[in-house]
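Below is entry_38.cif, holding mmCIF, C-alpha atoms and all ligand atoms.
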```cif
data_coords
loop_
_atom_site.label_atom_id
_atom_site.label_comp_id
_atom_site.auth_asym_id
_atom_site.auth_seq_id
_atom_site.Cartn_x
_atom_site.Cartn_y
_atom_site.Cartn_z
CA MET A 16 0.00 0.00 0.00
CA GLY A 17 1.23 3.49 -0.78
CA LYS A 18 1.50 6.04 2.01
CA ALA A 19 -1.41 8.18 0.75
CA THR A 20 -3.57 5.05 0.71
CA GLU A 21 -2.40 4.03 4.17
CA SER A 22 -3.31 7.42 5.61
CA ILE A 23 -6.90 6.82 4.43
CA HIS A 24 -7.37 3.06 4.85
CA GLY A 25 -4.63 2.09 7.31
CA HIS A 26 -6.97 2.12 10.35
CA GLY A 27 -8.14 -1.38 9.39
CA PHE A 28 -11.72 -0.66 10.46
CA GLY A 29 -14.31 -3.10 9.13
CA ASP A 30 -17.95 -3.02 10.15
CA GLU A 31 -21.06 -5.10 9.51
CA VAL A 32 -23.36 -2.07 9.09
CA GLY A 33 -21.17 -0.76 6.31
CA SER A 34 -19.87 2.43 7.95
CA VAL A 35 -16.97 3.78 5.91
CA VAL A 36 -15.54 5.85 8.77
CA PRO A 37 -14.43 4.41 12.14
CA PRO A 38 -16.76 5.31 15.05
CA ILE A 39 -15.90 7.40 18.08
CA TYR A 40 -16.08 5.17 21.13
CA LEU A 41 -17.14 7.60 23.84
CA THR A 42 -17.09 5.17 26.72
CA THR A 43 -14.98 5.26 29.84
CA PRO A 44 -15.15 1.57 30.82
CA PHE A 45 -15.58 -1.61 28.78
CA ARG A 46 -17.44 -4.69 29.99
CA GLN A 47 -15.30 -6.77 32.34
CA VAL A 48 -16.64 -9.74 34.32
CA ILE A 49 -13.45 -11.30 35.69
CA GLU A 50 -10.68 -11.08 33.11
CA ALA A 51 -10.44 -7.94 30.97
CA GLN A 52 -11.21 -8.15 27.26
CA LEU A 53 -8.10 -7.76 25.14
CA SER A 54 -7.54 -5.22 22.39
CA ASP A 55 -6.25 -6.25 18.96
CA ARG A 56 -2.68 -6.00 20.30
CA GLY A 57 -3.43 -8.20 23.29
CA LEU A 58 -3.49 -5.44 25.94
CA ASP A 59 -6.33 -4.86 28.40
CA LEU A 60 -9.37 -3.19 26.86
CA LYS A 61 -11.23 -2.25 30.00
CA TYR A 62 -10.82 1.48 30.60
CA SER A 63 -10.27 4.35 28.15
CA ARG A 64 -7.28 5.80 30.03
CA GLU A 65 -5.48 2.66 28.89
CA GLU A 66 -6.90 1.53 25.56
CA ASN A 67 -9.77 2.67 23.31
CA PRO A 68 -10.80 1.36 19.87
CA THR A 69 -10.96 4.81 18.20
CA VAL A 70 -7.48 5.52 19.49
CA ARG A 71 -6.37 2.14 18.14
CA TYR A 72 -7.62 3.01 14.64
CA LEU A 73 -5.49 6.13 14.73
CA GLU A 74 -2.48 4.29 16.11
CA ARG A 75 -2.60 1.75 13.30
CA VAL A 76 -2.56 4.50 10.68
CA LEU A 77 0.32 6.34 12.34
CA ALA A 78 2.37 3.17 12.85
CA ARG A 79 2.01 2.37 9.15
CA LEU A 80 2.82 5.89 8.01
CA GLU A 81 6.07 5.91 9.99
CA GLY A 82 6.88 2.29 9.15
CA GLY A 83 6.79 1.13 12.80
CA VAL A 84 5.32 -2.03 14.27
CA ASP A 85 2.99 -0.15 16.59
CA ALA A 86 2.18 3.30 17.97
CA LEU A 87 0.73 5.04 21.02
CA ALA A 88 -1.36 8.15 20.55
CA THR A 89 -1.10 10.76 23.29
CA ASN A 90 -2.99 13.89 24.23
CA ASN A 91 -0.30 16.20 22.82
CA GLY A 92 3.30 16.14 21.62
CA MET A 93 4.79 16.84 25.05
CA ALA A 94 2.79 13.89 26.42
CA ALA A 95 4.45 11.67 23.79
CA ILE A 96 7.92 12.97 24.69
CA SER A 97 7.44 12.79 28.47
CA THR A 98 5.87 9.32 28.26
CA ILE A 99 8.73 7.88 26.23
CA LEU A 100 11.33 9.56 28.46
CA MET A 101 9.67 8.09 31.57
CA THR A 102 9.76 4.72 29.82
CA ILE A 103 13.45 4.63 28.91
CA LEU A 104 15.30 7.01 31.22
CA LYS A 105 16.63 6.10 34.63
CA SER A 106 18.74 7.80 37.20
CA GLY A 107 22.41 7.97 36.15
CA LEU A 108 21.66 7.79 32.40
CA ARG A 109 22.81 10.57 30.10
CA LEU A 110 20.24 12.39 28.01
CA ILE A 111 21.77 14.20 25.03
CA LEU A 112 19.93 16.81 23.01
CA PRO A 113 20.76 19.90 20.97
CA ALA A 114 20.17 23.39 22.36
CA GLU A 115 17.88 24.07 19.43
CA VAL A 116 14.88 21.84 20.01
CA TYR A 117 11.33 22.76 20.88
CA GLY A 118 11.86 24.91 23.98
CA THR A 119 9.56 22.88 26.22
CA THR A 120 11.38 19.66 25.25
CA LEU A 121 14.63 21.32 26.31
CA GLY A 122 12.99 22.51 29.54
CA LEU A 123 11.77 18.98 30.26
CA ALA A 124 15.20 17.48 29.55
CA ILE A 125 17.01 19.98 31.76
CA ASN A 126 14.51 19.42 34.58
CA MET A 127 15.07 15.65 34.41
CA ARG A 128 18.34 16.43 36.23
CA LYS A 129 16.39 16.49 39.48
CA PHE A 130 15.75 12.76 39.00
CA GLY A 131 19.47 12.03 38.59
CA VAL A 132 19.51 12.10 34.78
CA GLU A 133 22.67 13.71 33.38
CA THR A 134 21.36 15.99 30.67
CA VAL A 135 23.97 17.06 28.10
CA VAL A 136 23.13 19.96 25.76
CA THR A 137 25.07 20.27 22.48
CA MET A 138 25.07 22.64 19.52
CA PRO A 139 22.43 21.61 16.97
CA GLU A 140 24.67 20.26 14.24
CA THR A 141 25.10 16.62 13.25
CA LYS A 142 28.82 16.64 14.08
CA ASP A 143 28.31 18.05 17.60
CA LEU A 144 25.59 15.51 18.33
CA ALA A 145 27.65 12.64 16.92
CA GLU A 146 30.65 13.64 19.06
CA ALA A 147 28.50 13.82 22.20
CA ILE A 148 26.98 10.40 21.51
CA LYS A 149 30.42 8.84 20.90
CA ALA A 150 31.73 10.39 24.13
CA ASN A 151 28.73 9.04 26.13
CA PRO A 152 27.93 5.48 25.01
CA GLY A 153 24.63 4.07 26.24
CA SER A 154 22.87 7.47 26.29
CA VAL A 155 19.35 8.47 25.37
CA VAL A 156 19.36 11.04 22.55
CA ILE A 157 16.59 13.33 21.29
CA VAL A 158 16.86 15.12 17.94
CA GLU A 159 14.46 16.91 15.64
CA THR A 160 14.88 16.08 11.94
CA ILE A 161 14.58 19.77 11.06
CA THR A 162 15.32 22.20 13.87
CA ASN A 163 13.02 24.97 14.84
CA PRO A 164 13.25 27.96 14.35
CA MET A 165 16.55 28.02 12.39
CA LEU A 166 15.63 25.10 10.09
CA ARG A 167 18.92 23.26 10.33
CA VAL A 168 18.67 19.78 8.86
CA ILE A 169 20.12 16.98 10.98
CA ASP A 170 21.71 13.99 9.25
CA VAL A 171 19.50 11.52 11.12
CA ASP A 172 20.85 8.54 9.13
CA HIS A 173 24.30 9.27 10.51
CA LEU A 174 23.04 9.65 14.09
CA ILE A 175 21.11 6.38 13.81
CA LYS A 176 24.38 4.66 12.93
CA VAL A 177 26.41 6.38 15.67
CA SER A 178 23.71 5.61 18.24
CA ARG A 179 23.59 1.98 17.23
CA ASP A 180 27.41 1.67 17.34
CA THR A 181 27.52 3.14 20.85
CA GLY A 182 24.50 1.36 22.35
CA SER A 183 22.55 4.61 22.61
CA THR A 184 18.79 5.02 22.13
CA LEU A 185 17.82 7.67 19.61
CA ILE A 186 14.40 9.35 19.71
CA VAL A 187 13.63 11.28 16.53
CA ASP A 188 11.08 14.08 16.79
CA ASN A 189 9.84 14.05 13.20
CA THR A 190 7.17 16.75 13.63
CA MET A 191 8.65 19.28 11.21
CA ALA A 192 9.64 16.79 8.52
CA THR A 193 6.50 14.59 8.70
CA PRO A 194 6.56 11.05 7.29
CA VAL A 195 5.95 12.60 3.87
CA LEU A 196 9.52 13.95 3.79
CA TYR A 197 11.40 11.36 5.84
CA ARG A 198 10.66 8.17 7.79
CA PRO A 199 13.41 7.54 10.37
CA ILE A 200 12.32 3.98 11.21
CA GLU A 201 12.88 2.93 7.58
CA HIS A 202 16.47 4.15 8.07
CA GLY A 203 16.99 2.08 11.22
CA ALA A 204 15.66 4.33 14.01
CA GLU A 205 13.85 2.65 16.88
CA LEU A 206 11.71 5.53 18.13
CA VAL A 207 9.86 8.41 16.49
CA VAL A 208 7.68 11.00 18.22
CA HIS A 209 5.44 13.71 16.80
CA SER A 210 3.44 16.63 17.88
CA ALA A 211 0.46 15.45 15.81
CA THR A 212 -1.01 18.84 16.68
CA LYS A 213 0.92 20.04 13.63
CA TYR A 214 0.97 18.53 10.10
CA ILE A 215 -0.47 15.11 10.99
CA SER A 216 -3.83 16.48 12.15
CA GLY A 217 -3.19 19.56 10.06
CA HIS A 218 -6.10 21.88 10.91
CA ASN A 219 -4.99 23.98 13.90
CA ASP A 220 -7.87 22.54 15.93
CA VAL A 221 -6.63 19.62 18.03
CA LEU A 222 -3.72 18.81 20.35
CA ALA A 223 -2.27 15.34 19.79
CA GLY A 224 0.95 13.37 19.92
CA VAL A 225 2.28 9.98 18.96
CA ILE A 226 5.09 7.57 19.78
CA VAL A 227 5.95 5.10 17.01
CA SER A 228 8.48 2.30 17.40
CA SER A 229 10.02 -0.58 15.54
CA SER A 230 9.95 -2.51 18.81
CA GLN A 231 6.73 -3.94 20.23
CA SER A 232 8.33 -4.37 23.64
CA ILE A 233 9.16 -0.63 23.86
CA ILE A 234 5.56 0.17 22.89
CA ASN A 235 4.25 -2.23 25.54
CA ASP A 236 6.47 -0.64 28.21
CA ALA A 237 5.43 2.85 27.09
CA TRP A 238 1.78 1.73 27.17
CA GLN A 239 2.23 1.04 30.88
CA TRP A 240 3.72 4.52 31.37
CA ARG A 241 0.96 6.14 29.32
CA ARG A 242 -1.58 4.43 31.58
CA ARG A 243 0.28 5.53 34.74
CA LEU A 244 0.76 9.10 33.56
CA GLY A 245 -2.69 9.38 31.99
CA THR A 246 -1.33 10.69 28.69
CA ILE A 247 -3.63 8.88 26.25
CA ILE A 248 -5.46 10.94 23.61
CA GLN A 249 -9.23 11.38 24.02
CA PRO A 250 -11.43 9.47 21.53
CA LEU A 251 -12.94 12.64 20.01
CA ASP A 252 -9.48 14.09 19.46
CA ALA A 253 -8.30 10.78 17.98
CA TYR A 254 -11.18 11.01 15.52
CA LEU A 255 -10.14 14.53 14.50
CA VAL A 256 -6.58 13.37 13.89
CA LEU A 257 -7.83 10.33 11.92
CA ARG A 258 -9.85 12.71 9.78
CA GLY A 259 -6.99 15.16 9.29
CA VAL A 260 -4.32 12.62 8.48
CA LYS A 261 -6.23 11.40 5.42
CA THR A 262 -5.13 14.49 3.52
CA MET A 263 -1.64 14.79 5.01
CA ASN A 264 0.12 13.67 1.87
CA LEU A 265 -1.62 16.28 -0.28
CA ARG A 266 -1.41 19.02 2.31
CA VAL A 267 2.27 18.63 3.10
CA ARG A 268 3.21 18.74 -0.59
CA ARG A 269 1.25 21.95 -1.03
CA HIS A 270 2.75 23.45 2.15
CA CYS A 271 6.20 22.72 0.70
CA GLU A 272 5.37 24.29 -2.69
CA ASN A 273 3.97 27.40 -1.03
CA ALA A 274 6.95 27.63 1.32
CA MET A 275 9.38 27.48 -1.62
CA ALA A 276 7.53 30.36 -3.33
CA VAL A 277 7.52 32.41 -0.13
CA ALA A 278 11.22 31.71 0.55
CA ASP A 279 12.10 32.88 -2.99
CA PHE A 280 10.04 36.02 -2.52
CA LEU A 281 11.58 36.86 0.87
CA SER A 282 15.10 36.24 -0.42
CA ASN A 283 14.74 39.21 -2.75
CA HIS A 284 12.96 41.57 -0.40
CA PRO A 285 14.76 44.79 0.58
CA LYS A 286 13.40 44.68 4.18
CA VAL A 287 14.64 41.12 4.74
CA ARG A 288 18.18 40.51 5.97
CA GLU A 289 18.34 36.70 5.77
CA VAL A 290 16.09 33.77 4.87
CA TYR A 291 16.41 30.27 6.36
CA TYR A 292 14.88 27.53 4.23
CA PRO A 293 16.61 24.29 3.21
CA GLY A 294 14.96 24.48 -0.22
CA LEU A 295 17.05 27.52 -1.14
CA LYS A 296 20.20 26.59 -3.04
CA SER A 297 22.07 29.09 -0.86
CA SER A 298 21.20 27.13 2.32
CA ALA A 299 24.06 25.22 3.97
CA TYR A 300 21.59 22.33 4.39
CA HIS A 301 20.30 22.23 0.82
CA GLU A 302 22.35 19.26 -0.31
CA LEU A 303 21.59 17.17 2.78
CA ALA A 304 17.88 18.06 2.61
CA SER A 305 17.77 17.15 -1.10
CA ARG A 306 19.29 13.76 -0.27
CA MET A 307 17.01 13.07 2.70
CA PHE A 308 13.67 14.52 1.67
CA ASN A 309 13.02 13.50 -1.97
CA GLY A 310 12.85 17.03 -3.34
CA LEU A 311 10.58 18.46 -0.61
CA TYR A 312 11.87 20.97 1.94
CA GLY A 313 9.11 21.52 4.50
CA GLY A 314 6.44 24.11 5.09
CA ILE A 315 8.25 26.51 7.43
CA VAL A 316 10.33 29.50 6.42
CA SER A 317 12.27 31.57 8.96
CA PHE A 318 13.71 34.98 8.19
CA LYS A 319 15.33 38.01 9.76
CA ILE A 320 14.00 41.45 9.05
CA LYS A 321 16.07 44.62 8.96
CA GLY A 322 15.36 45.84 12.48
CA GLY A 323 14.58 44.44 15.91
CA ARG A 324 11.65 43.97 18.28
CA GLU A 325 9.81 47.23 17.43
CA GLU A 326 10.13 46.69 13.67
CA ALA A 327 8.93 43.09 14.15
CA ARG A 328 5.94 44.37 16.13
CA GLU A 329 5.15 46.89 13.38
CA PHE A 330 5.36 44.14 10.75
CA LEU A 331 3.25 41.62 12.70
CA ASN A 332 0.56 44.21 13.45
CA ALA A 333 0.41 45.16 9.77
CA LEU A 334 -0.35 41.61 8.56
CA SER A 335 -3.99 41.04 7.69
CA MET A 336 -4.38 37.40 6.54
CA VAL A 337 -1.28 35.77 8.05
CA LYS A 338 -1.98 35.38 11.77
CA PRO A 339 0.62 35.94 14.49
CA ALA A 340 0.18 32.75 16.57
CA PRO A 341 2.54 30.11 17.99
CA SER A 342 1.92 26.85 16.13
CA PHE A 343 2.47 25.42 12.67
CA GLY A 344 1.26 22.83 10.21
CA GLY A 345 -2.32 24.01 9.62
CA PRO A 346 -4.12 25.51 6.59
CA GLU A 347 -3.89 29.05 8.01
CA SER A 348 -0.51 30.73 7.59
CA LEU A 349 0.80 31.50 11.08
CA ILE A 350 3.81 33.57 12.03
CA THR A 351 5.66 33.59 15.35
CA TYR A 352 8.30 35.63 17.06
CA PRO A 353 10.44 32.73 18.34
CA ILE A 354 12.38 34.63 20.98
CA THR A 355 9.17 35.14 22.98
CA SER A 356 7.37 31.92 21.93
CA ALA A 357 8.69 28.44 21.06
CA ALA A 358 12.35 29.37 21.65
CA GLN A 359 11.68 31.31 24.85
CA PRO A 360 12.70 28.46 27.21
CA ILE A 361 16.07 28.08 25.42
CA PRO A 362 18.63 29.57 27.83
CA ASP A 363 19.90 33.02 26.72
CA GLU A 364 23.51 31.78 26.59
CA TYR A 365 22.47 29.54 23.66
CA LYS A 366 20.07 31.88 21.89
CA ALA A 367 22.85 34.18 20.62
CA LYS A 368 25.02 31.24 19.52
CA LEU A 369 22.06 29.71 17.67
CA GLY A 370 21.22 32.94 15.86
CA ILE A 371 17.86 33.38 17.59
CA ASP A 372 17.57 37.13 18.00
CA GLU A 373 15.03 39.93 17.97
CA SER A 374 14.95 40.21 14.18
CA LEU A 375 13.91 36.56 13.68
CA LEU A 376 10.44 35.44 12.57
CA ARG A 377 9.15 31.96 11.80
CA LEU A 378 6.42 31.55 9.24
CA SER A 379 4.29 28.42 8.94
CA VAL A 380 3.26 28.73 5.32
CA GLY A 381 -0.37 27.71 5.01
CA LEU A 382 -2.49 26.33 2.20
CA GLU A 383 -3.79 29.65 0.90
CA ASP A 384 -3.00 30.76 -2.64
CA PRO A 385 0.71 31.60 -2.52
CA GLU A 386 0.20 35.00 -4.15
CA ASP A 387 -2.13 36.01 -1.29
CA ILE A 388 0.42 34.99 1.34
CA ILE A 389 3.15 36.85 -0.52
CA SER A 390 1.07 39.98 -1.01
CA ASP A 391 0.15 40.09 2.71
CA LEU A 392 3.82 39.70 3.68
CA ASP A 393 4.89 42.32 1.16
CA ASN A 394 2.36 44.89 2.36
CA ALA A 395 3.38 44.36 5.98
CA LEU A 396 7.13 44.39 5.25
CA ARG A 397 6.71 47.73 3.50
CA ARG A 398 5.41 49.16 6.78
CA ILE A 399 8.80 48.59 8.41
CA PRO A 400 10.41 52.03 8.51
C1 LIG B 1 9.03 19.84 17.24
C2 LIG B 1 8.00 19.83 18.32
N1 LIG B 1 7.94 18.80 19.16
C3 LIG B 1 7.03 18.75 20.15
C4 LIG B 1 6.14 19.78 20.36
C5 LIG B 1 5.14 19.70 21.47
O1 LIG B 1 3.90 19.37 20.93
P1 LIG B 1 2.49 19.78 21.58
O2 LIG B 1 2.37 21.26 21.47
O3 LIG B 1 1.52 19.03 20.73
O4 LIG B 1 2.53 19.30 22.99
C6 LIG B 1 6.16 20.89 19.50
C7 LIG B 1 5.19 21.98 19.72
O5 LIG B 1 5.23 23.00 19.09
C8 LIG B 1 7.13 20.92 18.47
O6 LIG B 1 7.21 21.97 17.64
#
```
For this file, produce the structure as structure tokens.
Amino acid sequence: MGKATESIHGHGFGDEVGSVVPPIYLTTPFRQVIEAQLSDRGLDLKYSREENPTVRYLERVLARLEGGVDALATNNGMAAISTILMTILKSGLRLILPAEVYGTTLGLAINMRKFGVETVVTMPETKDLAEAIKANPGSVVIVETITNPMLRVIDVDHLIKVSRDTGSTLIVDNTMATPVLYRPIEHGAELVVHSATKYISGHNDVLAGVIVSSSQSIINDAWQWRRRLGTIIQPLDAYLVLRGVKTMNLRVRRHCENAMAVADFLSNHPKVREVYYPGLKSSAYHELASRMFNGLYGGIVSFKIKGGREEAREFLNALSMVKPAPSFGGPESLITYPITSAAQPIPDEYKAKLGIDESLLRLSVGLEDPEDIISDLDNALRRIP
């Protein structure tokens, strides 16, 4: 089955009344006399904090899309990350991650120190991560395929190899890339997480997360932690993600096309100092991205304007269609000011080194007609004095 087909039919739902779409099982408990009923994967189906059939339909689709054996859907992306960290970390283990990751992920990792985890923060380049992994065999490592907000591309294939050679466990946050651009498990990774709030659900209307693995035993262990932490997705939300994911393949391709057009436009704008987009031939990551992502480069474009916080405020207030709001991956173009949003928890000592400053903006290019996005940006940029 192709991936577009799997996103539509991969839930495996079959029904005697002929319903085409899987139902939403809004029930807290399931009938249990003595022993619990078992779900399709042989785990207890007795209480919806643990297992729910609508959630299972979604998990089957997401496992197939990422090429894993199984998946666990969670109530948001941070729930996926915290659940998997609770599953595999223990006191004394090293947790390695780059300074440029989703700020709350970094905050979580740093705060794991209070449980005796030795968190090591590196610069967000493949070579720095590889060196840290080699120096700390047996670590747990978190990386994002494409970093946010500076859109560096990480050579995940290389880190998979280094992690395997050193007995380390690599967790790939594939939110920005999506399985349309890159599927880490097909390249040997054991664990993938997503904020399914973003491109997977794709409509800016539901919080969701997922853990996908090539190992059933990791999924079964994480299932226990999901049940203990209470991080399972709600059935209604699972339905919304199931509905959204059907069009992911189409949507992501269009996001990428629109982003390329916007990146080209911004590159030639007199009020723009620098554009960060791996699709641009001038990007230091263009060659790696071309190799990894089959000619697609993602739906986010970051750029620096000529000016600082006040000029950015002027620009953001002058936009009419593009909305200033801190998320990405939906049909509406959204723009954020990373230094006070997603990148805010990144310690100041790193922000300057990473290039995250007061002139930086991150645009999630939506599914509108590209000329409308460009014209809105152009009008607002012209308002910068
Ligand atoms: C790369 C990445 N991972 C994880 C998360 C956390 O996801 P959520 O907001 O669904 O908890 C985000 C949120 O923006 C993100 O951008």
Please list as number ranges by chain every residue within 12 Å of A:Trp238, counting all atoms listed in the file and excluding residues in the same chain fewer than 5 positions away. A: 56-59, 64-66, 85-89, 95, 98-99, 101-102, 225-228, 231-233, 243-247
When you look at stretch 119-121 of chain A with a cut-off of 9 Å (counting only C-alpha atoms), what residues show up, excluding the ones that are within fewer than 4 positions of it in the same chain? I need them as number ranges by chain. A: 93, 96-97, 112-115, 125-126, 136, 357-361
Name the closest residue to A:Gly217 among the candidates A:Thr141, A:Thr193, A:Ser298, A:Thr20; distances are taken between atoms, counting only C-alpha atoms. A:Thr193
Ligand LIG 1 (chain B) proximity check over A:Tyr214, A:Phe28, A:Phe330, A:Tyr300, using all atoms listed in the file: winner is A:Tyr214
To one decimal place in Å, what is the distance between atom CA of A:Ser22 and atom CA of A:His270?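 Computing the Euclidean distance for atom CA of A:Ser22 and atom CA of A:His270 yields 17.5 Å.
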Please identify all polymer residues within 9 Å of A:Leu104, counting only C-alpha atoms, omitting same-chain residues fewer than 5 positions from it, and present them as a list in words.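 Near neighbours after the sequence-gap exclusion: Ile99, Arg109, Leu110, Val132 and Val155 of chain A.
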Here atom CA of A:Leu77 and atom CA of A:Val171 stand apart by 19.9 Å
Enumerate, in order of chain and increasing residue number, the residues of chain A with an atom no farther than 7 Å from ligand LIG 1 (chain B), each with its shortest atom pair and distance in Å to one decimal, counting all atoms listed in the file, as CSV.
```
residue,atom,partner,partner_atom,distance
A:Asn91,CA,B:LIG1,O3,4.0
A:Gly92,CA,B:LIG1,O1,3.4
A:Met93,CA,B:LIG1,O4,3.9
A:Ala94,CA,B:LIG1,O4,6.4
A:Val116,CA,B:LIG1,C1,6.8
A:Tyr117,CA,B:LIG1,C2,5.1
A:Thr120,CA,B:LIG1,C3,6.8
A:Glu159,CA,B:LIG1,C1,6.4
A:Asn163,CA,B:LIG1,C1,6.9
A:Asp188,CA,B:LIG1,C1,6.1
A:Thr190,CA,B:LIG1,C1,5.1
A:Met191,CA,B:LIG1,C1,6.1
A:His209,CA,B:LIG1,N1,6.1
A:Ser210,CA,B:LIG1,O1,4.1
A:Ala211,CA,B:LIG1,O3,6.2
A:Thr212,CA,B:LIG1,O3,4.8
A:Leu222,CA,B:LIG1,O3,5.3
A:Ala223,CA,B:LIG1,O3,5.4
A:Gly224,CA,B:LIG1,O3,5.7
A:Ser342,CA,B:LIG1,O5,5.9
A:Ala357,CA,B:LIG1,O5,6.7
```
For C-alpha atoms, I'd like the residues from the last selection saved as a PDB file, in the coordinates of the input.
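Below is the file result-v8.pdb, written as the result:
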```
ATOM      1  CA  ASN A  91      -0.300  16.200  22.820  1.00  0.00           C
ATOM      2  CA  GLY A  92       3.300  16.140  21.620  1.00  0.00           C
ATOM      3  CA  MET A  93       4.790  16.840  25.050  1.00  0.00           C
ATOM      4  CA  ALA A  94       2.790  13.890  26.420  1.00  0.00           C
ATOM      5  CA  VAL A 116      14.880  21.840  20.010  1.00  0.00           C
ATOM      6  CA  TYR A 117      11.330  22.760  20.880  1.00  0.00           C
ATOM      7  CA  THR A 120      11.380  19.660  25.250  1.00  0.00           C
ATOM      8  CA  GLU A 159      14.460  16.910  15.640  1.00  0.00           C
ATOM      9  CA  ASN A 163      13.020  24.970  14.840  1.00  0.00           C
ATOM     10  CA  ASP A 188      11.080  14.080  16.790  1.00  0.00           C
ATOM     11  CA  THR A 190       7.170  16.750  13.630  1.00  0.00           C
ATOM     12  CA  MET A 191       8.650  19.280  11.210  1.00  0.00           C
ATOM     13  CA  HIS A 209       5.440  13.710  16.800  1.00  0.00           C
ATOM     14  CA  SER A 210       3.440  16.630  17.880  1.00  0.00           C
ATOM     15  CA  ALA A 211       0.460  15.450  15.810  1.00  0.00           C
ATOM     16  CA  THR A 212      -1.010  18.840  16.680  1.00  0.00           C
ATOM     17  CA  LEU A 222      -3.720  18.810  20.350  1.00  0.00           C
ATOM     18  CA  ALA A 223      -2.270  15.340  19.790  1.00  0.00           C
ATOM     19  CA  GLY A 224       0.950  13.370  19.920  1.00  0.00           C
ATOM     20  CA  SER A 342       1.920  26.850  16.130  1.00  0.00           C
ATOM     21  CA  ALA A 357       8.690  28.440  21.060  1.00  0.00           C
TER      22      ALA A 357
END
```
Considering all atoms listed in the file, return as a short mmCIF file (atom, residue, chain, number, x, y, z; two decimals) with C-alpha atoms, in the frame of the given file whatever protein or nucleic-acid residues lie within 9 Å of A:Arg167, sequence-local ones (same chain, fewer than 5 positions apart) excluded.
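Output (around20.cif):
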```cif
data_model
loop_
_atom_site.label_atom_id
_atom_site.label_comp_id
_atom_site.auth_asym_id
_atom_site.auth_seq_id
_atom_site.Cartn_x
_atom_site.Cartn_y
_atom_site.Cartn_z
CA PRO A 139 22.43 21.61 16.97
CA GLU A 140 24.67 20.26 14.24
CA THR A 160 14.88 16.08 11.94
CA ILE A 161 14.58 19.77 11.06
CA THR A 162 15.32 22.20 13.87
CA TYR A 291 16.41 30.27 6.36
CA TYR A 292 14.88 27.53 4.23
CA PRO A 293 16.61 24.29 3.21
CA ALA A 299 24.06 25.22 3.97
CA TYR A 300 21.59 22.33 4.39
#
```
Between atom CA of A:Pro346 and atom CA of A:Glu383, distance in Å (one decimal):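 Taking atom CA of A:Pro346 and atom CA of A:Glu383, their separation equals 7.0 Å.
When all atoms listed in the file are used to compute distances to A:Arg268, the closest of the residues A:Val287, A:Leu196, A:Leu349, A:Val207 turns out to be A:Leu196.
Excluding A:Asn332 and any residue on its chain fewer than 4 positions from it, the residues at most 12 Å away by only C-alpha atoms are Glu325, Glu326, Ala327, Arg328, Met336, Val337, Lys338, Pro339, Ala340, Ile350, Thr351, Asp391, Leu392, Asn394, Ala395, Leu396, Arg398 and Ile399 of chain A.
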Could you take the residues named above and write them with C-alpha atoms, as a PDB file, in the frame of the given file?
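After the write, again-v4.pdb holds the following:
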```
ATOM      1  CA  GLU A 325       9.810  47.230  17.430  1.00  0.00           C
ATOM      2  CA  GLU A 326      10.130  46.690  13.670  1.00  0.00           C
ATOM      3  CA  ALA A 327       8.930  43.090  14.150  1.00  0.00           C
ATOM      4  CA  ARG A 328       5.940  44.370  16.130  1.00  0.00           C
ATOM      5  CA  MET A 336      -4.380  37.400   6.540  1.00  0.00           C
ATOM      6  CA  VAL A 337      -1.280  35.770   8.050  1.00  0.00           C
ATOM      7  CA  LYS A 338      -1.980  35.380  11.770  1.00  0.00           C
ATOM      8  CA  PRO A 339       0.620  35.940  14.490  1.00  0.00           C
ATOM      9  CA  ALA A 340       0.180  32.750  16.570  1.00  0.00           C
ATOM     10  CA  ILE A 350       3.810  33.570  12.030  1.00  0.00           C
ATOM     11  CA  THR A 351       5.660  33.590  15.350  1.00  0.00           C
ATOM     12  CA  ASP A 391       0.150  40.090   2.710  1.00  0.00           C
ATOM     13  CA  LEU A 392       3.820  39.700   3.680  1.00  0.00           C
ATOM     14  CA  ASN A 394       2.360  44.890   2.360  1.00  0.00           C
ATOM     15  CA  ALA A 395       3.380  44.360   5.980  1.00  0.00           C
ATOM     16  CA  LEU A 396       7.130  44.390   5.250  1.00  0.00           C
ATOM     17  CA  ARG A 398       5.410  49.160   6.780  1.00  0.00           C
ATOM     18  CA  ILE A 399       8.800  48.590   8.410  1.00  0.00           C
TER      19      ILE A 399
END
```
Pick from A:Ser229, A:Asn219, A:Asn151, A:Ser178, whichever lies nearest to A:Ile200 using all atoms listed in the file: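 Of A:Ser229, A:Asn219, A:Asn151, A:Ser178, the one nearest A:Ile200, counting all atoms listed in the file, is A:Ser229.
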Of the candidates A:Gly25, A:Gly82, A:Pro44, A:Gly153, which shows the shortest atom-to-atom distance to A:Ser230, using only C-alpha atoms? A:Gly82
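If all atoms listed in the file are the atoms counted, then among A:Ile248, A:Ile103, A:Val316, A:Ala145 the closest residue to A:Thr184 is A:Ile103.
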Build an axis-aligned box that encloses every atom of stretch 286-290 of chain A listed in the file, pad it by 6 Å on each side, and report its centre and edge lengths in Å to one decimal, as lines of an AutoDock Vina configuration file.
```
center_x = 15.9
center_y = 39.2
center_z = 5.1
size_x = 16.9
size_y = 22.9
size_z = 13.8
```
